[in-house]
Amino acid sequence: MQAVKRRGWRRALDGGLVLLVPAIVLETLVLFLPLVYVAYRSLYDWQPGSVSTFIGFKNYEHLLADPEFWQVIGNQLFYLLGLPLWVIAPLVVAFALREGVWRPGLFRSIYFLPAVMSPAIVGLVFRTLLATDGPVNAVLETSGLGFLAHPWLTDITYVKPVVIFLVLWASFGTGVLIFSAAFAAVPQNIFEAARLDGARFWSEFWHIAVPSVRGTVFLWAMFQLVCIFLFMFGWIYVLTGGGPGLSSATMDFFIYQQFMRFGFYGTAAAQSIALVGAIVLFPALGYGARALIETCFKRRRT
Amino acid sequence: MTMGVSKWLRKGVSGVALATALFALAACGEEQAASDKLKTGPIPEAKAELTVWSFLPGNYEKGVEAYNAIAADFQKAHPQITVKIIDMPYGTYFDQVRNSVVAQSGPDVITMYGSAQAYSYKNGLYPLQDAIDPALRKEIKYLDENYSADGNLYILPTGSYGYVMLVNRAIFAKAGIDPATALASWDSMLATCKALTEKGIQPMASGWKDGYLFETYLYMITSQMMDKPTLAKWVKGELKLDDKLFTDAVNYIMDMKTAGCFGDDKALGRNMFDDTNVQYATGGAAMLVNGALSRAMQLVKDQPETMAMALPQVPASKHKNLVDAGAEAGWGVTKWTKSPEASAAFVNFIASKESQEKLWAAIGVPSNISGFQAQAQNDMQAAYLALLANPENHTGFAAFPLPVLAVMERNAAPLMGGTMTVQQFMESANSAFAKTN
Amino acid sequence: MSNLKISKLHKHFGAVDVLKDINLDIRTGEFVVFVGPSGCGKSTLLRCISGLEAASSGSIEIDGQVIDDVEPAQRGIAMVFQNYALYPHMDVFGNMAFSLKMQGLAKDEIRRKVEAAAEKLQLTPYLDRLPAQLSGGQRQRVAIGRAIVRDPKVFLFDEPLSNLDAALRVRMRMEIAQLKLQLPNTTMIYVTHDQVEAMTMAQRIVVLKDGRVEQVGTPLELYERPQSQFVAGFIGSPRMNFFTGRHAEKFKAHTVGVRAEHLDIVSAGGVWSGKVVYSENLGADTFIYADIGAEAPVVVRQPGKSVFAAGAEIALAPKAQEYHLFDEAGRPVPK
Ligand SMILES: Nc1ncnc2c1ncn2[C@@H]1O[C@H](COP(=O)(O)OP(=O)(O)OP(=O)(O)O)[C@@H](O)[C@H]1O
Ligand SMILES: [Mg+2]
């Protein structure tokens, strides 16, 4: 009995589990334990360094009754509109670059450069460029295109689209790289077959290219989806500070503000749990949508 | 999974990761009962090190040396103590302090604003009202308005600032307007704004993006509108933000806007720091709101005809010639300090008359010691010190809770841009105010 | 009508010349096979014809019309790839319908054409399967079906059977031959390096070597009158025996070539003699490998079950006139 158990252990260790152990331990320590702790603390008027009192779901009630919270949720939904762009733009470029371009190395560097710079730096650069008195507006005005000059980051109607484009610019290189790799794994013959079958650029793109890398497209979309909820902080913090008003604030930024700036620890904990909920919910919706589309797709011809 | 971690590392700053890490820190911090009393008295003989966090040295060209000199003086008096002053950037200072409070570990002494602002970090700070040297207590200014709503004084205030109008006399001369009469009364100021605008001159350097300028006008005007008892109520939290006084103050700012004091909508995209300074320094505006004497001295170099004057009193002012003035900042002792006696001694030491006189001599920080006599080196210092010496002066600035300020900061641009009404602005601020009680 | 004329075609990739001065005339309805060793440029030539690759110089005409600048899809050419190149995400119907959809045909028109082609290729039961759910032979039929629905003037096959096992290859070979019969006016160009396929299917064979046309002719012409030692060696199985040096002295040529089936084992008057190394009995024939002191053993094909023990001494002679003479450069020399 003992021997059997031992052998099972040994096999598990030999079978690569041992390689996963550090990751599992790290993940548990870094992510799951704090998350459980946050969930627990979200039920308190949490006062680190002082006495916290249990208040049940009060934090959540306040949150749901807070118009600011809903405004931030609205912003998140708006940023979701950027998703098709964040997916399709690098996809189209990777597709166009597939057949090889002049100086591919140069192209790759140009696309990839933003991806290896931190949002703090890129954000700072763009904040300067797009400032009301910044170079972009200055160039527009001196070149007689003054009517195009805008307070890019401080106008309620512009700020979110501008952020979407900046994030596009930053994630573009990674997207192109990932899709290029995906295209490289697709047998080139099917693109040639499509050309012989009369497909032009866009029909080849939609009917052949996209479906043949759809797994990657979906994963990238899901990754970007999670990014919309998780990785916007650096951008918002540097570019807009959530403003003007709350019009560009994201949930992670909002949590940061509640926790770090105001010391509303319990509310921040509740918001964090709401954010985790969103991170689970939206990709789940994505998977659901995909399953639905695939079934419809299969049923279409029977 | 490993990919998750590397992404996390690569993306660097991530809200949730950051929050999670903080929560993890918090999980380590033991919970303890609030508001133990700070131990004072003779400093034990054992060797100890005091770590002091501050953003103040960085505000002055020779600030680091000046504050280190104070530390050296303290060490001379208490050889067993080593004081390490860490000059920290303002931009991330309060986040660092928050991390410390949550983790219940870090520096022994910190620079902090008083009243509602210190209150937000109360889990990390000792009340100091019983730790002040009685002699010092008698001569130090701005103590009362730095108490928090719970009746505790979490910081020992030092230095003075005063929000005044810097006036470029050269521009006024060009427009043919005498600044003295122009800023003699509220109405004459509004008329002056109109007159300057008509001549194509931007009256006041303006930037609403970061919201600080809006807050500054609000402090300046509400301080005028509060007499001492009202200020005391505001500090104690008995005066609420929904009082008519605050809406009236916002409306005074809107009157300035209507009169053209702030120029065009480009101000919406500018910050107070440092866009308005740049605007004034480059001659782009005739006036600038300014708090610190040191900055005024800087601006004189760019615009030599600069003079300091008080913002005129609003019609509802309770004062004759009040300038919104208070302590530059203050010093708090953290609850996790291993050397409470030394920390208490150090905050008293840095607030003392001697230390403050040294800081004035070294870097030109006006002190908050009453009866402070300083030799003015030039017209600007003389004018500024005269404005600061007014016994009417006070400020309710520190009693604005942080969430209220945050809401006002972010709503300033929409309000000034006309996408938000005064009523909406005040509702939003009031709901933030309600959350703090 | 679908005459294909290739004139002075050159193709280079960078500094590498892959096709050099290709001139070919292929008539309507002909079944032409391109053979040649790996890397000789067969696929490249096919791709130039299809338009997937642009020629570096020279021109291609179909029915007198230069098609160099015509889009691949507009050339009236269909191609079947070695690895089928089916669209993995489309079912069989979708694969076959795609080109028609691109042409903008009406739905029922598409359905009619696809179903007709599927019928022809016995694919009807599989119309809504994905390529991954088909066997190799079925996939190849789908690839052919996808070409057929377009009703092309010229049909290009690039080693279509090389991914199939031997039995299936024989069957598919027959099916393609039958398909050719059903489409008498469609020109077919078929690339292979399997010379059995070439010999059995082709009306004419084009032998390529190092980017040049080595010889064009019917299978029999190539078999009987190879224009070079290369063609002689390439066409026919087993490979032609070549005798050089002292073994060729008697014929006053640099090289003498004799096919295995043209060698007799003689008791007297043999030209060459040596020891049997090994013999293979294939039932109808026996292949005998003999060491005559040359580099490679000589292969002799004997009808029936002749038995020669290893080590037996034998003498060999070519059948009357059934041998080929070549000079040093591999050019034929008249007997
Ligand atoms: N895109 C390309 N770039 C550079 N060289 C190429 C390219 N395509 C083919 N070649 C070269 O051209 C030559 C001919 O290639 P091709 O594919 O036409 O040969 P093939 O006769 O079809 O060979 P196989 O029987 O192995 O399929 C080879 O040497 C190959 O390396
Ligand atoms: Mg090939």
# chains A, B, ... in the order shown; residues from 1 in each chain; ligands from 1
call {"tool": "residues_near_ligand", "arguments": {"ligand": "ligand 1", "cutoff": "7 Å", "atoms": "only C-alpha atoms and all ligand atoms", "output": "list of chain:residue names"}}
result
C:Phe13, C:Val16, C:Val18, C:Gly36, C:Pro37, C:Ser38, C:Gly39, C:Cys40, C:Gly41, C:Lys42, C:Ser43, C:Thr44, C:Leu45, C:His193
call {"tool": "residues_around", "arguments": {"residues": "stretch 113-120 of chain B", "least_positions_apart": "4", "cutoff": "8 Å", "atoms": "only C-alpha atoms", "output": "list in words"}}
result
Phe262 and Gly263 of chain A; Glu145, Asn146, Tyr147, Ser148, Ala149, Leu153, Tyr154, Ile155, Pro157, Val235, Ala329, Gly330, Trp331, Ala398, Ala399, Phe400, Pro401 and Leu402 of chain B
call {"tool": "residues_around", "arguments": {"residues": "C:Arg75", "least_positions_apart": "3", "cutoff": "12 Å", "atoms": "only C-alpha atoms", "output": "number ranges by chain"}}
result
A: 195-198; C: 2, 4, 48-52, 60-63, 65-72, 78-79, 150-155
call {"tool": "residues_around", "arguments": {"residues": "A:Gly245", "least_positions_apart": "6", "cutoff": "12 Å", "atoms": "only C-alpha atoms", "output": "ChimeraX atom specification"}}
result
/A:68,71-72,75,153-157,159 /B:208-211,268,406-417,419-420,424-425,428-429
call {"tool": "residues_around", "arguments": {"residues": "C:Asn281", "least_positions_apart": "4", "cutoff": "12 Å", "atoms": "only C-alpha atoms", "output": "list in words"}}
result
Asp285, Thr286, Phe287, Ile288, Tyr289, Val300, Arg301, Gln302, Pro303, Gly304, Lys305, Ser306, Val307 and Phe308 of chain C
call {"tool": "atom_distance", "arguments": {"atom1": "atom CA of A:Thr53", "atom2": "atom CA of A:Ala274"}}
result
20.8 Å
call {"tool": "atom_distance", "arguments": {"atom1": "atom CA of C:Glu221", "atom2": "atom CA of C:Arg204"}}
result
9.1 Å
call {"tool": "interface_residues", "arguments": {"of": "chain A", "to": "chain C", "cutoff": "8 Å", "atoms": "only C-alpha atoms", "output": "number ranges by chain"}}
result
A: 187, 189-190, 192-199, 208, 211-212, 301-302
call {"tool": "select_by_dssp", "arguments": {"residues": "stretch 11-127 of chain A", "states": "strand (DSSP E or B)", "output": "ChimeraX atom specification"}}
result
/A:44-45,53-54
call {"tool": "residues_around", "arguments": {"residues": "stretch 373-390 of chain B", "least_positions_apart": "4", "cutoff": "7 Å", "atoms": "only C-alpha atoms", "output": "list in words"}}
result
Gly162, Leu293, Met307, Ala308, Val323 and Ala325 of chain B
call {"tool": "atom_distance", "arguments": {"atom1": "atom CA of C:Phe326", "atom2": "atom CA of C:Thr255"}}
result
5.1 Å
call {"tool": "closest_residue", "arguments": {"among": "A:Gly146, A:Gly82, A:Pro67, A:Gly56", "to": "chain B", "atoms": "only C-alpha atoms"}}
result
A:Pro67
call {"tool": "closest_residue", "arguments": {"among": "B:Asp265, B:Glu215, B:Asp130, B:Asp108", "to": "chain A", "atoms": "only C-alpha atoms"}}
result
B:Asp265
call {"tool": "decode", "arguments": {"residues": "stretch 361-375 of chain B", "atoms": "N, CA and C atoms", "output": "PDB file, in the first residue's frame"}}
result
ATOM      1  N   ALA B 361      16.581  80.830   6.770  1.00  0.00           N
ATOM      2  CA  ALA B 361      17.870  81.348   6.331  1.00  0.00           C
ATOM      3  C   ALA B 361      18.419  80.540   5.164  1.00  0.00           C
ATOM      4  N   ALA B 362      18.223  79.214   5.214  1.00  0.00           N
ATOM      5  CA  ALA B 362      18.832  78.366   4.186  1.00  0.00           C
ATOM      6  C   ALA B 362      18.029  78.351   2.895  1.00  0.00           C
ATOM      7  N   ILE B 363      16.716  78.188   2.995  1.00  0.00           N
ATOM      8  CA  ILE B 363      15.948  77.993   1.761  1.00  0.00           C
ATOM      9  C   ILE B 363      14.726  78.903   1.673  1.00  0.00           C
ATOM     10  N   GLY B 364      14.546  79.772   2.649  1.00  0.00           N
ATOM     11  CA  GLY B 364      13.479  80.763   2.536  1.00  0.00           C
ATOM     12  C   GLY B 364      12.081  80.234   2.786  1.00  0.00           C
ATOM     13  N   VAL B 365      11.939  79.276   3.710  1.00  0.00           N
ATOM     14  CA  VAL B 365      10.589  78.867   4.099  1.00  0.00           C
ATOM     15  C   VAL B 365      10.138  79.785   5.221  1.00  0.00           C
ATOM     16  N   PRO B 366       9.043  80.553   5.029  1.00  0.00           N
ATOM     17  CA  PRO B 366       8.548  81.378   6.144  1.00  0.00           C
ATOM     18  C   PRO B 366       8.066  80.453   7.253  1.00  0.00           C
ATOM     19  N   SER B 367       8.345  80.793   8.488  1.00  0.00           N
ATOM     20  CA  SER B 367       7.997  79.876   9.574  1.00  0.00           C
ATOM     21  C   SER B 367       6.556  80.093  10.011  1.00  0.00           C
ATOM     22  N   ASN B 368       6.064  79.199  10.870  1.00  0.00           N
ATOM     23  CA  ASN B 368       4.733  79.399  11.447  1.00  0.00           C
ATOM     24  C   ASN B 368       4.849  79.673  12.938  1.00  0.00           C
ATOM     25  N   ILE B 369       5.924  80.359  13.304  1.00  0.00           N
ATOM     26  CA  ILE B 369       6.103  80.788  14.691  1.00  0.00           C
ATOM     27  C   ILE B 369       5.539  82.204  14.798  1.00  0.00           C
ATOM     28  N   SER B 370       4.644  82.397  15.750  1.00  0.00           N
ATOM     29  CA  SER B 370       4.034  83.731  15.817  1.00  0.00           C
ATOM     30  C   SER B 370       5.070  84.760  16.226  1.00  0.00           C
ATOM     31  N   GLY B 371       4.928  85.919  15.664  1.00  0.00           N
ATOM     32  CA  GLY B 371       5.901  86.966  15.935  1.00  0.00           C
ATOM     33  C   GLY B 371       7.203  86.750  15.192  1.00  0.00           C
ATOM     34  N   PHE B 372       7.163  85.880  14.204  1.00  0.00           N
ATOM     35  CA  PHE B 372       8.343  85.579  13.407  1.00  0.00           C
ATOM     36  C   PHE B 372       8.843  86.844  12.706  1.00  0.00           C
ATOM     37  N   GLN B 373      10.064  87.230  13.022  1.00  0.00           N
ATOM     38  CA  GLN B 373      10.648  88.437  12.439  1.00  0.00           C
ATOM     39  C   GLN B 373      11.699  88.004  11.432  1.00  0.00           C
ATOM     40  N   ALA B 374      11.483  88.394  10.199  1.00  0.00           N
ATOM     41  CA  ALA B 374      12.467  87.998   9.197  1.00  0.00           C
ATOM     42  C   ALA B 374      12.943  89.212   8.446  1.00  0.00           C
ATOM     43  N   GLN B 375      14.192  89.187   8.108  1.00  0.00           N
ATOM     44  CA  GLN B 375      14.777  90.271   7.344  1.00  0.00           C
ATOM     45  C   GLN B 375      14.458  90.014   5.880  1.00  0.00           C
TER      46      GLN B 375
END
